[in-house]
Amino acid sequence: DDDVDLEALVNDMNSSFESLYSTCSTQSESAPLLQNGQFVRSHIQTSGIAPVQPTSPRQKVRRSQPVHILAVRRLQEEELQLRTSSLPAIPNPFPELCSPASSPVLSPGSLPQDQPSDKNIIKVCSENGTSKVVEIPADMTARDLCQLLVYKSHCVDDNSWSLVEYHPHLGLDRSLEDHEHVVQVQSTMASESKFVFRKNYAKYEFFKNPANFFPEQMVAWCQETNSTIPPSQLLQNFLNSSSCPEIQGFLHVKELGRKSWKKLYVFLRRSGLYCSTKGNSKEPRHLQLLADLEDSNIFSVITSKKLYNAPTDFGFCIKPNKARNETKELRLLCAEDEQSRTCWITAFRVFKYGILLYQNYKIPQQGKSLLSHFITPVRSVSENSLVAMDFSGRIGRVIDNPAEAQSAAMEEGHVWRKRSQRMNVLGSPSPLHTNALNTVIHRTHPWFHGRIAREDSHRMIMQQGLVDGIFLLRDSQSNPKAFVLTLCHHQKIKHFQILPCEEDGQIFLSLDDGSTKFSDLIQLVEFYQLNRGVLPCKLKHHCTIVAL
């Protein structure tokens, strides 16, 4: 009979409770213990004690069951004391994979440890106040992050987007180089600093027009030999580490720890930035090191006069990578004009990175040539993609003469107006409705920025690159019916007022006192993208703000 008499078992346990503690220490070492539903052997063997002989089921229950209960309870208490984690025991779903000595229950100590994640959280802001938080790996470069933001924001990837390191408490900003690692740069930034995603058309413009960025009076070789260098040779000399020319000129230098500025003759070499303590002497005993290029970065100062009481607003700064909030460690400098400041900043970048900048400049062009056979290129509004055409003959031809292109555009505009008037007579929408549409249709285009101040238009163009042809349109602050075209040419920002004029009962817009008329701003912008007209240059790049 295998049935268990529970009442007799309980009575037996109560009567022999004290004796069980004495027998537990000996019998539990050799008897099989019931642990987690299985019989296992204890690892401790006492010498002189023979293994327990197999017994009947009734004897197992009556003699050894209380010993098993106490042994299991004691093991559970020890396990709770040694458990370091608060995770409960997890049943192993695959006990057949465990070795015979392993338990079919996964203890917290047997769980795999969490591996450190190589992902990093980066917050990127836009110029309109929006922001986006992205998770990136530690080795992601600034170019890769810009391409990711272009994809997420549905922008046109024209290789002019840039990631800007902005320090609002110091008034400093700079565009990260395409090969720089974003996480590494973030580790040197203070809590008040942030990344800004915006356009920068001037990032590699010096490769296209080196003479505009390096004036001859600032290149030491030209001054010493009293001769000129071809643009291609000048750029090659800058990229060559052995024959890199010096940049020299007068700068206003702020003394460390003081509010005063000194005008000194400064030299920029690959080894660092030096100033002469005696006029413009280059003798080693007269040279003093101002800043090192290796562990520093160069920034533009946004408001030099307001923040640092600088002589001009064309300030820039050499900031050590380790400096976070210490303004005493900043080497503040100030140039006389924008061209000089651009020359110093560009030369600093070339001296520090050298051929890396040229490789960054060539990577997008190589990608375009490789993908040109597989995809249709995105049409960009520039002088290379838009040309004036004449379709009056049997076949179309390109109009190369600007005067002929202007007359053709005017003739096409007159024909379009006559056609619209004839359609209005036949029952199409009234001219009043057409004029109302023409006054608001331009607001959907990215080059129109509404009612912004003159100073804001200056700031936007300067931040997105002082290159020829960068422009934006805005409402006029002095005339509510007029508009203003803000255009950059030769690193100078100019403003042109667009006034309304009336002809045959219709309102048109003109830049040249009615000589060339347009029905809306879209026609005006498209015309001056093809023809210079009264402007100093064609409209090439428009300032835009993307919402992240």
# chains A, B, ... in the order shown; residues from 1 in each chain; ligands from 1
>>> closest_atom_pairs(of="range 326-372 of chain A", to="range 453-473 of chain A", cutoff="10 Å", atoms="only C-alpha atoms", output="CSV")
residue,atom,partner,partner_atom,distance
A:Glu338,CA,A:Leu466,CA,9.2
A:Gln339,CA,A:Leu466,CA,9.7
A:Thr342,CA,A:Leu466,CA,9.3
>>> write_last_selection(atoms="N, CA, C and O atoms", output="compact mmCIF listing (two decimals), in the first residue's frame")
# COMPACT_ATOMS: atom_id res chain seq x y z
N GLU A 338 34.91 92.08 -43.37
CA GLU A 338 34.44 90.69 -43.48
C GLU A 338 35.39 89.83 -44.30
O GLU A 338 35.59 88.65 -44.00
N GLN A 339 35.99 90.39 -45.34
CA GLN A 339 36.90 89.60 -46.16
C GLN A 339 38.11 89.16 -45.38
O GLN A 339 38.57 88.02 -45.50
N THR A 342 37.04 86.35 -42.99
CA THR A 342 36.85 85.09 -43.73
C THR A 342 38.18 84.48 -44.10
O THR A 342 38.34 83.25 -44.07
>>> select_by_dssp(residues="range 232-369 of chain A", states="helix (DSSP H, G or I)", output="ChimeraX atom specification")
/A:232-239,284-286,304-308,327-329,338-353,355-369
>>> closest_residue(among="A:Pro311, A:Val196, A:Lys208, A:Asp118", to="Leu149 in chain A", atoms="only C-alpha atoms")
A:Val196
>>> closest_atom_pairs(of="range 178-291 of chain A", to="range 484-507 of chain A", cutoff="12 Å", atoms="only C-alpha atoms", output="tab-separated table")
residue	atom	partner	partner_atom	distance
A:Tyr201	CA	A:Cys488	CA	11.9
A:Ala202	CA	A:Gln491	CA	10.5
A:Asn209	CA	A:His490	CA	11.3
A:Ala211	CA	A:His490	CA	11.6
A:Asn212	CA	A:His490	CA	8.1
A:Phe213	CA	A:Gln491	CA	9.9
>>> atom_distance(atom1="CA of Gly450 in chain A", atom2="CA of Ile545 in chain A")
12.4 Å
>>> closest_residue(among="A:Gln406, A:Gln477, A:Asn128, A:Asn401", to="Gln529 in chain A", atoms="only C-alpha atoms")
A:Gln406
>>> select_by_dssp(residues="range 157-186 of chain A", states="strand (DSSP E)", output="ChimeraX atom specification")
/A:161-167,172-175
>>> write_last_selection(atoms="N, CA and C atoms", output="compact mmCIF listing (two decimals), in the first residue's frame")
# COMPACT_ATOMS: atom_id res chain seq x y z
N TRP A 161 24.09 71.42 -46.54
CA TRP A 161 23.64 71.41 -45.15
C TRP A 161 24.83 71.23 -44.23
N SER A 162 24.72 71.81 -43.06
CA SER A 162 25.84 71.79 -42.13
C SER A 162 25.32 71.67 -40.70
N LEU A 163 26.14 71.08 -39.85
CA LEU A 163 25.85 70.98 -38.42
C LEU A 163 26.71 72.00 -37.70
N VAL A 164 26.08 72.90 -36.97
CA VAL A 164 26.76 74.05 -36.36
C VAL A 164 26.85 73.84 -34.86
N GLU A 165 28.03 74.06 -34.34
CA GLU A 165 28.26 74.06 -32.89
C GLU A 165 28.05 75.49 -32.39
N TYR A 166 27.02 75.67 -31.56
CA TYR A 166 26.59 77.01 -31.15
C TYR A 166 26.69 77.14 -29.64
N HIS A 167 27.38 78.20 -29.19
CA HIS A 167 27.52 78.52 -27.76
C HIS A 167 26.85 79.87 -27.51
N LEU A 172 29.39 82.36 -29.76
CA LEU A 172 30.30 81.73 -30.71
C LEU A 172 29.56 80.64 -31.49
N ASP A 173 29.93 80.46 -32.74
CA ASP A 173 29.43 79.34 -33.52
C ASP A 173 30.43 78.99 -34.61
N ARG A 174 30.38 77.74 -35.04
CA ARG A 174 31.23 77.24 -36.12
C ARG A 174 30.55 76.04 -36.75
N SER A 175 30.83 75.81 -38.02
CA SER A 175 30.31 74.64 -38.72
C SER A 175 31.28 73.48 -38.54
